[in-house]
Amino acid sequence: MKRLMSNAVSLFVVVIVLLLIIPLSPFFLDVMIILNISVALIILLISMSITESLEFSIFPSLLLITTLFRLGINVSSTRNILTNSGSAGQVIKAFGDFVLQGNVVVGFVIFFIIVLVQFIVITKGAERVSEVAARFTLDAMPGKQMAIDADLSSGLIDEQEAKTRRYKIQKEADFYGSMDGATKIVKGDAVMSLIITAVNFIGGVIIGMVQGSMSFTEVLSIYSIATVGDGLVSQIPALLISVATGMIVTRAVAEGSLNQDVSKQFLAQPQSIMIAGVIIAVLMLVPGMPKIQMAIVAILFVGGGVYITRRMQEAAKMPELEMAGPVAGGLAAGGMEEEEGAVSEEEYYRDINNIYSLISVEPVEMEFGYSLIPLVDESSGGRMINRIVIFRRQYAQEMGLVIPSIRLRDSSSLNTNQYVIKIKGEEVAKGEILVDYYLALEPPNLSGEVDGIETVEPAYGIPSRWITPENKEIAEIYGYTVIDPLSVMLTHLSETLRRHSHELITRQEVVQLVENTKKNSPELVEEVVPALISYGGFQKTLVNLLREGIPIKDMETILETIADTIPNSRDIDAITENIRIALKRTITRRFSENGNMRVVTLDTELEKRMIASLTKSDQGTYMALSPDIMQNIIEQISEEMKKFHELAQDPIVLTSQVIRPYFYRLIEQFYPNVYVLSFNEIANSVQIQALGTIAG
């Protein structure tokens, strides 16, 4: 029995096919007709009860089954009409007698009107809506997929929720694509009903007059009843199914069932209802109008509108009394927005807690133009999400800081090929890439030029050009470094995050790092944080390190150095310098290559001048050099940086420990990518190679 129930639909389809072949007695034909009408009525009620189309995703297949079922009944009823002298069961006879009422012309006119309403109005409209919905749904898929990936990367949803939403988008596209084809079935069913009706009537007349020797009046009476009845018992379910089709494909935006949405949205406009009642009352003045009927309708509309208005006013008073303080404070800044917004939006922002969602700032955002969506959208083969995950892991292993989730979103305000990187809501970097091209970085010594669009590499400012895929091999032969568009964008993102990583270490992140260290060194953490240094002071120390590219992964050494330094000095700068010395092996590994470190040094006389210019103030110690000397230093650094660019290495200036932090602050505003190290921060095992000297 269980196996039979699990295959009930398959058996039902087989029965439908048999209806086309095996004759049915009038009794069983009545059962099938009643079942057909009942199923169509159930489908219509379901279509009005669902809140979104995917809740009834089997509808396209169900539409095919019910249409085939109706055609099977039509074939069986036609066989009975033509072989049993118009007798095809009680249901068909009852419908025919009820509609005809003794007048054949009226019966046929009503039947054809029902068919034309279904064919021209409902089916044609549903077909067009399905076609447009299918196209728009497919066009919107990349944007929806990107939104899901952005929410996933920002931590708003988990992987399971992302899979569910992706599956829903795919199902939605498949559903509207199926509905686009299923509406053609409804259209064909309406045409077929006209053909079957004509066959029944013409065939019945021929059989009755030629084979049955009946008079034309008798034939017309018998076969017209059977024809119209048969047409109605097939068209009424077909009409119900067509209406259900239109209901489903037009449910674009729904908050509840159709009954709930109509009641909520229709009754939300009582003024329109009252105005309609007044207009009906005015029409009573037209001579010949039924005044009593119109007066009843006008009174119902005006009275109903007044009643609904009072109910809405009473409902609005309660929340106003409960939240009088918060709302009064918010109207001054947002009154115009609330007046122009929808009722639901107004109700939403009456709760002051919901307004806080408007002022939240994402730590890291990346916005894209429309053409760059395929690089991000995983369904289109985009690999950006995976590459960001890899970068976050590598950066955590290298620097000891976990980059927060990056919100990815498309933006209509950007050009199609542009992208923007934002830190805490503000733009810090911007670039433009060509998706179908490769970026070729120019080497110092070109052996040949390749055709392309000249540009500048966004992360490092290297002269480059966009080349077509056909020129990739020849560009590599000429010495160009060829990079794909996704790598260009990710390199820019990673370098931007490295430069601004000190802005991303929040107080909450510091607490998380401390708790992580406590797992291995609980006694050390309890001794230092917050006993010797507050979380705020510890955050400033870590910010100082990250601003200059110093890894904070060795948290135990950092905490031990703080514990050793604080008894002598609580100055954050002094603590930072001692930590840098303690991390000399880390700094040496970070800035050296194969045991060598290429640097630019400061002239001894210049260092003496700088030490003499150190001045203390309430804001701290700073270097008070004359403008001429500062200008000279900046110009020399600019020249020395060219040597590092040729070597593809980060520029490093080596100074004494005394002036290191002050010299860094001096040049940071001009050259934020220059690293300033002191001799005490470099391990003895490394070989220092001076590329130049900055003189006074």
# chains A, B, ... in the order shown; residues from 1 in each chain; ligands from 1

call {"tool": "residues_around", "arguments": {"residues": "range 627-630 of chain A", "least_positions_apart": "4", "cutoff": "9 Å", "atoms": "only C-alpha atoms", "output": "compact mmCIF listing (two decimals) with N, CA and C atoms, in the first residue's frame"}}
result
# COMPACT_ATOMS: atom_id res chain seq x y z
N ILE A 634 63.12 65.32 1.69
CA ILE A 634 62.03 64.73 0.90
C ILE A 634 62.48 64.51 -0.54
N GLU A 635 63.20 65.46 -1.10
CA GLU A 635 63.67 65.32 -2.49
C GLU A 635 64.66 64.17 -2.62
N LEU A 666 58.00 62.20 10.29
CA LEU A 666 58.34 63.31 9.41
C LEU A 666 58.02 62.99 7.96
N ILE A 667 58.36 61.77 7.51
CA ILE A 667 58.20 61.44 6.09
C ILE A 667 56.91 60.67 5.80
N GLY A 696 72.57 66.07 4.79
CA GLY A 696 71.93 67.27 5.29
C GLY A 696 71.99 68.39 4.27

call {"tool": "residues_around", "arguments": {"residues": "Val302 in chain A", "least_positions_apart": "6", "cutoff": "10 Å", "atoms": "only C-alpha atoms", "output": "PyMOL selection string"}}
result
chain A and resi 270-278+280-281

call {"tool": "residues_around", "arguments": {"residues": "Ile196 in chain A", "least_positions_apart": "3", "cutoff": "12 Å", "atoms": "only C-alpha atoms", "output": "PyMOL selection string"}}
result
chain A and resi 70-79+81-82+189-193+199-204+226-228+230-232+234-235

call {"tool": "closest_residue", "arguments": {"among": "A:Val91, A:Val600, A:Met48, A:Leu41", "to": "Phe28 in chain A", "atoms": "only C-alpha atoms"}}
result
A:Val91

call {"tool": "atom_distance", "arguments": {"atom1": "CA of Pro23 in chain A", "atom2": "CA of Leu68 in chain A"}}
result
16.3 Å

call {"tool": "atom_distance", "arguments": {"atom1": "CA of Lys540 in chain A", "atom2": "CA of Glu527 in chain A"}}
result
18.7 Å
